[in-house]
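> What follows is a single structure, and I will ask about it in a moment.
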Protein chains: 2
Amino acid sequence: MDSNVILYLLIIYFSVANIDAASKKNAFVGFANKFDHKKTFNRSTSSLSNSISRDECNLPDELTEEISRYKPIVEGIINASVNGIFKKRTWRTLARFVDKFGSRIAGSDNLENSIDYMVDLLKKNQLENVHTEPALVPKWVRGRESCWLVSPRLEKLSILGLGSSIGTPAKGITAHAVVVESFEELQKLGKVVEGKIVVFNEPFISYEKTVKYRGYGAIEAAKLGAVATLIRSVTPFSIDSPHTGWQHYQENVTQIPTAAISIEMAETLQRMYQAGDDILIYLYMEARNLPPVMSRNTVGEITGHQHPEKVVVVSGHLDSWDVGQGAMDDGGGAFISWNALALLKVLGLRPRRTLRSILWTAEEEGLVGAAAYFHDHRNNTAAFDFVMESDEGTFQPLGLSFSGSSEAGCILKEILKLMHPLNATQFASPMDGGPDIEFFTNIGIPGAALLNANERYFWYHHSNGDRMTVEDPTNLDMCTALWAASAFVVADLSIDMPR
Amino acid sequence: MDSNVILYLLIIYFSVANIDAASKKNAFVGFANKFDHKKTFNRSTSSLSNSISRDECNLPDELTEEISRYKPIVEGIINASVNGIFKKRTWRTLARFVDKFGSRIAGSDNLENSIDYMVDLLKKNQLENVHTEPALVPKWVRGRESCWLVSPRLEKLSILGLGSSIGTPAKGITAHAVVVESFEELQKLGKVVEGKIVVFNEPFISYEKTVKYRGYGAIEAAKLGAVATLIRSVTPFSIDSPHTGWQHYQENVTQIPTAAISIEMAETLQRMYQAGDDILIYLYMEARNLPPVMSRNTVGEITGHQHPEKVVVVSGHLDSWDVGQGAMDDGGGAFISWNALALLKVLGLRPRRTLRSILWTAEEEGLVGAAAYFHDHRNNTAAFDFVMESDEGTFQPLGLSFSGSSEAGCILKEILKLMHPLNATQFASPMDGGPDIEFFTNIGIPGAALLNANERYFWYHHSNGDRMTVEDPTNLDMCTALWAASAFVVADLSIDMPR
Ligand SMILES: [Zn+2]
Ligand SMILES: [Zn+2]
């Protein structure tokens, strides 16, 4: 195939020469156009939908063939990312970013400075239409915090106040503790809870099933008159490491301070409680909620050459918790999203539709940036062909998890077959790990999240351990490759993704 | 076999009735005597040694047979520990101990109070000749400590000052940092190091190979004029978790403060250094070395019925670092060592030789308790038939690692075959994980350390993560069983362990 040969020659040229990427940005211009998709497949999505059942795919031969013809392009993208000019680039750029800014909580100067930096970086990398879009975001400030077991013996506890928690009075709170494993146990204690610090030592089942204790523990304890809560961190593994995260208050229920403690200390307190020890705890937190401030979602594009008004989104969130470096949650997701476009740009791969990289703000406070973005684009949702997000780690990529019509799913499955060189051909549904794009998928726009070998994701999540050490250069190259290749093929297909 | 039947009946009785163990302490008295070892094997060790080559064992049939006849006893011990009256007892007693006292550093009231507690506990469990033996131990006190990256941006570092380190001046030390990966790199920097804080970001190879940077980093840096050192924690895994440990100063080399930092931060600092960032660090440590104080090794026995003067030792150290709970290092080793004897006592299994449980003090400061003990018993080393220690975790037991003559090794291999019900029949040599007993094995006394599935041992070692959560009740039961059974058989054999 002559297009194959041309691509490989060019890839070898790039890999060997290691030239300044930007200066060659037009080398591949029009390359994708060599495929004459229309000749081989050109029918409406409505006729397509009839030929596909939920559990099996019967894509028209022409479409299967069209997709298969992206093989050399996909291989070229993979090769450039894993072995060529982009080798280790996602890791290197991410390391420099998180080392420079550290953690980036919503409302902080750190986050806003890091957004400015990204705007510059995206422009330097020749992304198009680089700009930001505003979002009003919460500003929660941790301040100093400490917690001591006072009785039966003195020991300092590792804690992290939970996002949106109020602080304690200036002298702290000193109170006896009760320890429960569940809301049911809490209810049974009833009046005993009054004036106490409630310690939740809920077992970790899964993040989804267990996170309610972090989210609503303070409400339930306050209803019974508790003065504070300490929540066992929502993680399956710990080295005395507390994990923060957002928590909720409820109207007409007293707001009480709440913090995460480690698995180890939650278990210790429970053993002490069951042994009948008199547990006295001192908690000090300066945490406070300040008025909301303006932040920004960061956007960069490769404009489509045929349907610039139609958009395929690749995204991750730039904000993080105020601990660690936010390298995994979600530096990795954000950096494969813009590097995917930077890579395609260097390779001169401009698809029919527009590729848009969005770096969300204030995800951690409840998808705040994405909500603002969706609101601002609510009258133009028809433009969104496909939405992608990576927010559950950028470990070894395995494939994509999907949300949308079975027709779109079948197309994605077919595209994933091209990811064989990455060993990342898995297709899963429902979608898992794309919180911000759910505004879009919830109204039927097809979308996908990165499937990756993230068994240890929650070991680091929202903790001081979310640092660059978690990220692996080759895994990041492979994630960028999968991200760039799958987004490009979707954006370049002769048909829109069927809703 | 009638002894088999008797034992099982009694074990069933104990398991079902769950009676007060102490009240039945004499139920099995004399049971072990039913084996007439002398009838079947009675020759000198010198003739034995001729029949064994280093790599293969040719034990006399009579000895093999004698050992095999311990099968029902071993099975009884295992059953009682894993399923019977001792089920979860090691875990439960250890949890109560570490929850009550927390960490137990040499020189602390915590350690001395915990020794008093153990003396009581051993007496309550009817161990014999319960007493302590004195040892003069170092008293290093951590005090408060903190460390901040000041430039290129402000971030608090997780640190743990290293044992024996001096503190900083009251105002702390603020200095620029250099980052090296090895002593060789440090040497190359030469004069550049003067007035700087040296950060060691040495890669983790193995504990044995890497620990020299913790042990001697301050000396080597001080020789070149450094004002402090920060050492990457000696561990293969981290959730921003620093690991402390003992370090050394050298005569005529300036003493400088030294602390451990996390893997993550060591890597971050190195990336910053390589990027040319101006790294400024503030270090504050109140650490100080106080005059040595008296501590104690704790001893309890089951006196041998035939050779009370001959001793088989099972041991672990009671002291720990001043972080975490010292549950793994070495609460587990200490608690399987005394529970092994408590179990044998309850089962009425009194061997020919004396079984001695020793809970060492001040292991962490350089085997200080064991050194004192060895010194005090130096004129009676002939009495020590076999020495055992567990100090590299009490995860799932796999067998024993051995030091001593090939003849003794062959006997131990044969005994380990009896541990089949535990799936813990592995024999390894050289011995690994018995630091305190090396005083004995170094002069040719045979000994063994616990082999266990301790792949994650150094994840927690000397960190705040060394807590009860690391320990598993069933694993501890199995370790206690292996410990009790192998020590009993060695102590009851018709022949001494050949040197
Ligand atoms: Zn996230
Ligand atoms: Zn130890």
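Residue numbers start at 1 in each chain; chains themselves are named A, B, ... in the order of the structure tokens; ligands are numbered from 1 in the order shown.
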Please identify every residue of chain A that has at least one atom no more than 10 Å from any atom of chain B, counting only C-alpha atoms, and report them as a PyMOL selection string.
chain A and resi 92+95-96+98-103+152-155+158+237-242+262-269+271-272+275+277+323-325+459-460+463-470
> Could the residues that lie within 10 Å of ligand 1, counting only C-alpha atoms and all ligand atoms, be listed as a list in words?
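The distance check yields Gly316, His317, Leu318, Asp319, Ser320, Trp321, Gly326, Met328, Asp329, Asp330, Gly331, Gly332, Gly333, Ala334, Ala362, Glu363, Glu364, Leu367, Ser390, Asp391, Glu392, Gly393, Gly433, Gly434, Pro435, Asp436, His461 and His462 of chain A.
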> Write the selection just made, keeping N, CA and C atoms, as a CSV table (one decimal), in the first residue's frame?

```
chain,number,residue,atom,x,y,z
A,316,GLY,N,-9.1,15.7,30.1
A,316,GLY,CA,-8.8,15.3,31.5
A,316,GLY,C,-8.9,16.5,32.3
A,317,HIS,N,-8.8,16.4,33.6
A,317,HIS,CA,-8.9,17.7,34.4
A,317,HIS,C,-7.5,18.1,34.9
A,318,LEU,N,-7.4,19.4,34.9
A,318,LEU,CA,-6.1,20.0,35.2
A,318,LEU,C,-6.0,20.2,36.7
A,319,ASP,N,-7.1,20.5,37.4
A,319,ASP,CA,-7.1,20.7,38.8
A,319,ASP,C,-6.8,19.4,39.6
A,320,SER,N,-6.4,19.5,40.8
A,320,SER,CA,-6.2,18.3,41.6
A,320,SER,C,-6.5,18.6,43.1
A,321,TRP,N,-6.4,17.7,43.9
A,321,TRP,CA,-6.5,18.0,45.4
A,321,TRP,C,-5.2,18.8,45.8
A,326,GLY,N,-0.8,15.8,42.1
A,326,GLY,CA,-1.9,15.6,41.1
A,326,GLY,C,-1.3,15.1,39.8
A,328,MET,N,-1.2,11.8,38.9
A,328,MET,CA,-2.1,10.7,38.5
A,328,MET,C,-3.5,11.2,38.3
A,329,ASP,N,-4.0,12.0,39.3
A,329,ASP,CA,-5.4,12.5,39.3
A,329,ASP,C,-5.3,14.0,39.2
A,330,ASP,N,-5.3,14.6,38.0
A,330,ASP,CA,-5.5,13.9,36.8
A,330,ASP,C,-4.5,14.4,35.8
A,331,GLY,N,-3.3,14.7,36.3
A,331,GLY,CA,-2.2,15.2,35.4
A,331,GLY,C,-2.0,14.3,34.2
A,332,GLY,N,-2.0,13.0,34.4
A,332,GLY,CA,-1.8,12.0,33.3
A,332,GLY,C,-2.9,12.2,32.3
A,333,GLY,N,-4.2,12.2,32.7
A,333,GLY,CA,-5.3,12.3,31.8
A,333,GLY,C,-5.2,13.6,31.0
A,334,ALA,N,-4.9,14.7,31.7
A,334,ALA,CA,-4.8,16.0,31.0
A,334,ALA,C,-3.7,16.0,30.0
A,362,ALA,N,-11.6,22.4,38.2
A,362,ALA,CA,-12.5,22.1,39.4
A,362,ALA,C,-13.4,20.8,39.2
A,363,GLU,N,-12.7,19.8,38.7
A,363,GLU,CA,-13.4,18.5,38.7
A,363,GLU,C,-13.7,18.0,40.1
A,364,GLU,N,-12.7,18.2,41.0
A,364,GLU,CA,-12.7,17.6,42.3
A,364,GLU,C,-13.8,18.1,43.2
A,367,LEU,N,-17.3,18.3,39.5
A,367,LEU,CA,-17.4,18.5,38.0
A,367,LEU,C,-17.8,19.9,37.7
A,390,SER,N,-10.0,10.8,30.2
A,390,SER,CA,-9.1,9.9,31.0
A,390,SER,C,-9.0,10.5,32.4
A,391,ASP,N,-9.7,9.8,33.4
A,391,ASP,CA,-9.6,10.3,34.8
A,391,ASP,C,-9.6,9.1,35.8
A,392,GLU,N,-9.1,8.0,35.3
A,392,GLU,CA,-8.9,6.9,36.3
A,392,GLU,C,-7.5,6.3,36.1
A,393,GLY,N,-6.5,7.2,35.9
A,393,GLY,CA,-5.2,6.7,35.8
A,393,GLY,C,-4.7,6.5,34.3
A,433,GLY,N,-14.9,6.1,34.4
A,433,GLY,CA,-13.7,7.0,34.5
A,433,GLY,C,-13.7,8.2,33.6
A,434,GLY,N,-14.9,8.6,33.3
A,434,GLY,CA,-15.0,9.9,32.5
A,434,GLY,C,-16.1,10.8,33.1
A,435,PRO,N,-15.9,11.2,34.4
A,435,PRO,CA,-16.9,12.0,35.1
A,435,PRO,C,-17.3,13.3,34.4
A,436,ASP,N,-16.4,14.0,33.9
A,436,ASP,CA,-16.7,15.3,33.3
A,436,ASP,C,-17.5,15.2,32.0
A,461,HIS,N,-4.8,7.8,45.1
A,461,HIS,CA,-5.9,8.8,44.8
A,461,HIS,C,-6.1,9.7,46.0
A,462,HIS,N,-6.0,11.1,45.7
A,462,HIS,CA,-6.3,12.1,46.7
A,462,HIS,C,-5.4,12.0,47.9
```
> Give me the residues within 9 Å of Gln126 (chain B) as an mmCIF file with all heavy atoms, in the first residue's frame, counting only C-alpha atoms and dropping any in the same chain fewer than 3 places off.

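Heads up, here's the output in result34.cif:
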```
data_model
loop_
_atom_site.group_PDB
_atom_site.id
_atom_site.type_symbol
_atom_site.label_atom_id
_atom_site.label_comp_id
_atom_site.auth_asym_id
_atom_site.auth_seq_id
_atom_site.Cartn_x
_atom_site.Cartn_y
_atom_site.Cartn_z
ATOM 1 N N ALA B 22 -4.471 -22.208 80.998
ATOM 2 C CA ALA B 22 -3.533 -22.310 82.115
ATOM 3 C C ALA B 22 -3.930 -23.413 83.101
ATOM 4 O O ALA B 22 -3.075 -24.126 83.633
ATOM 5 C CB ALA B 22 -3.467 -20.979 82.840
ATOM 6 N N LYS B 25 -2.560 -26.844 82.335
ATOM 7 C CA LYS B 25 -1.184 -26.809 81.867
ATOM 8 C C LYS B 25 -0.452 -28.135 81.985
ATOM 9 O O LYS B 25 0.524 -28.372 81.306
ATOM 10 C CB LYS B 25 -0.395 -25.716 82.577
ATOM 11 C CG LYS B 25 -0.147 -25.977 84.061
ATOM 12 C CD LYS B 25 0.405 -24.742 84.753
ATOM 13 C CE LYS B 25 0.292 -24.803 86.257
ATOM 14 N NZ LYS B 25 1.312 -25.599 86.930
ATOM 15 N N LEU B 121 2.857 -10.917 81.507
ATOM 16 C CA LEU B 121 2.120 -11.769 80.577
ATOM 17 C C LEU B 121 2.744 -13.163 80.489
ATOM 18 O O LEU B 121 2.035 -14.185 80.501
ATOM 19 C CB LEU B 121 2.118 -11.101 79.190
ATOM 20 C CG LEU B 121 1.129 -11.594 78.144
ATOM 21 C CD1 LEU B 121 -0.305 -11.539 78.665
ATOM 22 C CD2 LEU B 121 1.249 -10.726 76.884
ATOM 23 N N LEU B 122 4.068 -13.221 80.441
ATOM 24 C CA LEU B 122 4.750 -14.514 80.362
ATOM 25 C C LEU B 122 4.505 -15.326 81.635
ATOM 26 O O LEU B 122 4.310 -16.544 81.579
ATOM 27 C CB LEU B 122 6.259 -14.314 80.121
ATOM 28 C CG LEU B 122 6.705 -14.309 78.652
ATOM 29 C CD1 LEU B 122 5.892 -13.353 77.818
ATOM 30 C CD2 LEU B 122 8.197 -13.996 78.531
ATOM 31 N N LYS B 123 4.504 -14.625 82.765
ATOM 32 C CA LYS B 123 4.215 -15.323 84.030
ATOM 33 C C LYS B 123 2.780 -15.839 84.028
ATOM 34 O O LYS B 123 2.522 -16.985 84.405
ATOM 35 C CB LYS B 123 4.435 -14.372 85.208
ATOM 36 C CG LYS B 123 5.910 -14.156 85.542
ATOM 37 C CD LYS B 123 6.078 -13.216 86.741
ATOM 38 C CE LYS B 123 7.557 -13.016 87.054
ATOM 39 N NZ LYS B 123 7.775 -11.878 87.974
ATOM 40 N N VAL B 130 10.730 -16.932 84.283
ATOM 41 C CA VAL B 130 10.529 -15.632 83.620
ATOM 42 C C VAL B 130 11.365 -14.573 84.340
ATOM 43 O O VAL B 130 11.265 -14.402 85.555
ATOM 44 C CB VAL B 130 9.034 -15.236 83.625
ATOM 45 C CG1 VAL B 130 8.857 -13.820 83.077
ATOM 46 C CG2 VAL B 130 8.209 -16.239 82.819
ATOM 47 N N ILE B 302 10.507 -23.033 78.930
ATOM 48 C CA ILE B 302 9.969 -24.325 79.345
ATOM 49 C C ILE B 302 11.206 -25.163 79.633
ATOM 50 O O ILE B 302 12.000 -25.447 78.723
ATOM 51 C CB ILE B 302 9.116 -24.995 78.248
ATOM 52 C CG1 ILE B 302 7.855 -24.160 77.973
ATOM 53 C CG2 ILE B 302 8.739 -26.417 78.651
ATOM 54 C CD1 ILE B 302 6.984 -24.721 76.858
ATOM 55 N N ALA B 342 4.050 -20.595 74.993
ATOM 56 C CA ALA B 342 2.759 -20.660 75.697
ATOM 57 C C ALA B 342 1.905 -21.793 75.143
ATOM 58 O O ALA B 342 1.237 -22.513 75.901
ATOM 59 C CB ALA B 342 2.025 -19.317 75.553
ATOM 60 N N LYS B 345 3.287 -25.118 76.251
ATOM 61 C CA LYS B 345 2.979 -25.278 77.674
ATOM 62 C C LYS B 345 1.540 -25.770 77.856
ATOM 63 O O LYS B 345 1.283 -26.705 78.619
ATOM 64 C CB LYS B 345 3.172 -23.928 78.371
ATOM 65 C CG LYS B 345 3.042 -23.964 79.860
ATOM 66 C CD LYS B 345 4.319 -24.495 80.517
ATOM 67 C CE LYS B 345 4.048 -24.830 81.964
ATOM 68 N NZ LYS B 345 5.270 -24.893 82.766
ATOM 69 N N VAL B 346 0.625 -25.155 77.153
ATOM 70 C CA VAL B 346 -0.783 -25.550 77.251
ATOM 71 C C VAL B 346 -0.975 -26.985 76.775
ATOM 72 O O VAL B 346 -1.778 -27.740 77.331
ATOM 73 C CB VAL B 346 -1.666 -24.585 76.420
ATOM 74 C CG1 VAL B 346 -3.054 -25.163 76.214
ATOM 75 C CG2 VAL B 346 -1.757 -23.241 77.110
#
```
> Hey, what's within 10 Å of Leu343 (chain A) if we count only C-alpha atoms and toss same-chain stuff fewer than 2 positions away? As a list in words, please?
Ala21, Lys25, Ile77, Ala80, Ser81, Ile85, Phe86, Arg89, Asn125, Ile336, Trp338, Asn339, Ala340, Leu341, Lys345, Val346, Leu347, Gly348, Leu349, Thr480, Ala481, Ala484 and Ala485 of chain A
> Which of region 310-458 of chain B end up as strand (DSSP E) when DSSP is run on this backbone - answer as a VMD selection string?
chain B and resid 310 to 317 353 to 360 384 to 389 397 to 403 426 to 428 447 to 452
> Just to confirm, what's the straight-line distance from CA of Val211 (chain B) to CA of Phe183 (chain B) in Å (one decimal)?
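CA of Phe183 (chain B) lies at a distance of 12.5 Å from CA of Val211 (chain B).
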> Name the closest residue to Glu301 (chain B) among the candidates B:Leu189, B:His131, B:Val234, B:Val198; distances are taken between atoms, counting only C-alpha atoms.
B:His131
> Can you list every residue in region 319-480 of chain A that DSSP puts in alpha helix (DSSP H), as a PyMOL selection string?
chain A and resi 332-346+368-376+406-416+438-441+457-460+473-480
> Those same residues - N, CA and C atoms - I'd like them written as a compact mmCIF listing (two decimals), in the first residue's frame.

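Output file again.txt is given in full below:
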```
# COMPACT_ATOMS: atom_id res chain seq x y z
N GLY A 332 -2.00 13.00 34.43
CA GLY A 332 -1.82 12.04 33.34
C GLY A 332 -2.92 12.15 32.30
N GLY A 333 -4.16 12.23 32.74
CA GLY A 333 -5.28 12.34 31.81
C GLY A 333 -5.23 13.61 31.00
N ALA A 334 -4.91 14.72 31.68
CA ALA A 334 -4.82 16.00 30.99
C ALA A 334 -3.67 16.00 29.98
N PHE A 335 -2.54 15.39 30.39
CA PHE A 335 -1.35 15.46 29.53
C PHE A 335 -1.39 14.51 28.35
N ILE A 336 -2.07 13.36 28.48
CA ILE A 336 -2.22 12.55 27.25
C ILE A 336 -3.21 13.24 26.32
N SER A 337 -4.11 14.05 26.89
CA SER A 337 -5.13 14.68 26.04
C SER A 337 -4.55 15.79 25.18
N TRP A 338 -3.67 16.61 25.75
CA TRP A 338 -3.11 17.65 24.87
C TRP A 338 -1.93 17.11 24.06
N ASN A 339 -1.18 16.15 24.63
CA ASN A 339 -0.08 15.57 23.86
C ASN A 339 -0.58 14.77 22.67
N ALA A 340 -1.76 14.18 22.80
CA ALA A 340 -2.34 13.45 21.66
C ALA A 340 -2.51 14.40 20.48
N LEU A 341 -3.03 15.59 20.76
CA LEU A 341 -3.21 16.57 19.68
C LEU A 341 -1.87 17.12 19.18
N ALA A 342 -0.96 17.34 20.13
CA ALA A 342 0.37 17.83 19.73
C ALA A 342 1.04 16.82 18.80
N LEU A 343 0.87 15.55 19.10
CA LEU A 343 1.47 14.48 18.29
C LEU A 343 0.85 14.45 16.88
N LEU A 344 -0.48 14.49 16.84
CA LEU A 344 -1.15 14.47 15.54
C LEU A 344 -0.74 15.68 14.71
N LYS A 345 -0.58 16.81 15.40
CA LYS A 345 -0.18 18.03 14.71
C LYS A 345 1.21 17.86 14.09
N VAL A 346 2.12 17.32 14.86
CA VAL A 346 3.49 17.11 14.36
C VAL A 346 3.48 16.14 13.18
N VAL A 368 -17.25 20.89 38.42
CA VAL A 368 -17.69 22.28 38.31
C VAL A 368 -17.32 22.90 36.98
N GLY A 369 -16.09 22.66 36.54
CA GLY A 369 -15.67 23.21 35.25
C GLY A 369 -16.45 22.61 34.10
N ALA A 370 -16.65 21.31 34.12
CA ALA A 370 -17.39 20.63 33.05
C ALA A 370 -18.84 21.09 33.01
N ALA A 371 -19.43 21.30 34.21
CA ALA A 371 -20.81 21.75 34.27
C ALA A 371 -20.95 23.12 33.59
N ALA A 372 -20.00 24.01 33.87
CA ALA A 372 -20.04 25.34 33.26
C ALA A 372 -19.88 25.25 31.75
N TYR A 373 -18.96 24.41 31.32
CA TYR A 373 -18.71 24.23 29.89
C TYR A 373 -19.95 23.69 29.20
N PHE A 374 -20.55 22.68 29.80
CA PHE A 374 -21.74 22.06 29.20
C PHE A 374 -22.88 23.08 29.13
N HIS A 375 -23.01 23.85 30.20
CA HIS A 375 -24.05 24.89 30.23
C HIS A 375 -23.83 25.88 29.08
N ASP A 376 -22.59 26.30 28.90
CA ASP A 376 -22.29 27.30 27.87
C ASP A 376 -22.45 26.75 26.45
N SER A 406 -25.52 1.26 20.47
CA SER A 406 -24.82 0.03 20.11
C SER A 406 -24.10 0.20 18.77
N GLU A 407 -24.67 1.03 17.88
CA GLU A 407 -24.01 1.25 16.59
C GLU A 407 -22.65 1.91 16.80
N ALA A 408 -22.64 2.97 17.63
CA ALA A 408 -21.37 3.66 17.90
C ALA A 408 -20.41 2.70 18.60
N GLY A 409 -20.96 1.87 19.49
CA GLY A 409 -20.12 0.88 20.19
C GLY A 409 -19.45 -0.06 19.21
N CYS A 410 -20.20 -0.49 18.22
CA CYS A 410 -19.64 -1.41 17.23
C CYS A 410 -18.53 -0.75 16.43
N ILE A 411 -18.73 0.50 16.10
CA ILE A 411 -17.68 1.21 15.37
C ILE A 411 -16.43 1.32 16.24
N LEU A 412 -16.63 1.65 17.52
CA LEU A 412 -15.48 1.79 18.42
C LEU A 412 -14.74 0.46 18.58
N LYS A 413 -15.51 -0.64 18.69
CA LYS A 413 -14.88 -1.96 18.78
C LYS A 413 -13.99 -2.23 17.57
N GLU A 414 -14.51 -1.82 16.43
CA GLU A 414 -13.75 -2.05 15.19
C GLU A 414 -12.48 -1.20 15.20
N ILE A 415 -12.61 0.02 15.67
CA ILE A 415 -11.43 0.90 15.74
C ILE A 415 -10.41 0.34 16.73
N LEU A 416 -10.92 -0.23 17.82
CA LEU A 416 -10.00 -0.75 18.85
C LEU A 416 -9.16 -1.92 18.33
N GLU A 438 -19.65 13.02 31.34
CA GLU A 438 -20.99 12.43 31.53
C GLU A 438 -22.11 13.43 31.27
N PHE A 439 -21.81 14.72 31.38
CA PHE A 439 -22.82 15.70 30.97
C PHE A 439 -23.24 15.43 29.53
N PHE A 440 -22.30 15.03 28.71
CA PHE A 440 -22.56 14.77 27.29
C PHE A 440 -23.13 13.37 27.08
N THR A 441 -22.52 12.38 27.67
CA THR A 441 -22.98 11.01 27.45
C THR A 441 -24.37 10.81 28.04
N TYR A 457 -4.91 2.36 41.43
CA TYR A 457 -5.30 3.76 41.33
C TYR A 457 -5.69 4.35 42.69
N PHE A 458 -6.53 3.62 43.42
CA PHE A 458 -7.02 4.19 44.68
C PHE A 458 -6.02 4.10 45.83
N TRP A 459 -4.89 3.44 45.57
CA TRP A 459 -3.82 3.46 46.57
C TRP A 459 -3.28 4.88 46.73
N TYR A 460 -3.28 5.63 45.61
CA TYR A 460 -2.64 6.96 45.59
C TYR A 460 -3.64 8.11 45.58
N PRO A 473 6.94 6.32 32.05
CA PRO A 473 7.10 6.96 30.72
C PRO A 473 6.51 6.13 29.57
N THR A 474 6.78 4.84 29.56
CA THR A 474 6.29 4.01 28.45
C THR A 474 4.77 3.88 28.49
N ASN A 475 4.22 3.68 29.68
CA ASN A 475 2.76 3.62 29.79
C ASN A 475 2.13 4.91 29.29
N LEU A 476 2.72 6.03 29.66
CA LEU A 476 2.18 7.31 29.20
C LEU A 476 2.27 7.44 27.68
N ASP A 477 3.39 7.01 27.10
CA ASP A 477 3.51 7.03 25.63
C ASP A 477 2.42 6.18 24.99
N MET A 478 2.16 5.03 25.59
CA MET A 478 1.15 4.13 25.03
C MET A 478 -0.26 4.73 25.19
N CYS A 479 -0.50 5.38 26.33
CA CYS A 479 -1.80 6.03 26.53
C CYS A 479 -1.99 7.16 25.52
N THR A 480 -0.95 7.97 25.34
CA THR A 480 -1.03 9.06 24.36
C THR A 480 -1.30 8.50 22.97
```
> Contacts of Ser108 (chain B) at 9 Å or less, counting only C-alpha atoms, minus same-chain residues fewer than 6 places along, as an NGL selection string?
:B and (139-141)
> Those residues you just picked out, can you put them in a file as a PDB file, in the first residue's frame with C-alpha atoms?

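Printed below is out23.pdb as written:
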```pdb
ATOM      1  CA  LYS B 139      18.697   6.901  74.113  1.00  0.00           C
ATOM      2  CA  TRP B 140      18.035   8.882  70.971  1.00  0.00           C
ATOM      3  CA  VAL B 141      15.104  11.279  71.038  1.00  0.00           C
TER       4      VAL B 141
END
```
> What does the distance between CA of Tyr207 (chain A) and CA of Ile231 (chain A) come to in Å, to one decimal place?
13.8 Å
> Given the choices A:Met285, A:Ile495, A:Leu422, A:Ala135, which gets closest to Gly172 (chain A) if the distance is worked out from only C-alpha atoms?
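The closest residue to Gly172 (chain A) is A:Met285.
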> Considering only C-alpha atoms and all ligand atoms, can you say which of B:Ile105, B:Val74, B:Ile443, B:Ala218 comes closest to ligand 2?
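The answer is B:Ile105, which sits nearest to ligand 2.
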> Which residue out of B:Cys147, B:Val180, B:Leu280, B:Met497 has the minimum interatomic distance to Ala260 (chain B) when only C-alpha atoms are used?
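With only C-alpha atoms as the atom set, the closest residue is B:Cys147.
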> Work out how far CA of Leu359 (chain A) is from CA of Asn379 (chain A), in Å to one decimal.
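Result for CA of Asn379 (chain A) versus CA of Leu359 (chain A): 21.1 Å, one decimal.
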> For a quick check of understanding, using only C-alpha atoms and all ligand atoms, which of B:Ile67, B:Ala327, B:Ile166, B:Leu400 has the smallest distance to ligand 2?
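Under the stated criterion, the closest residue is B:Ala327.
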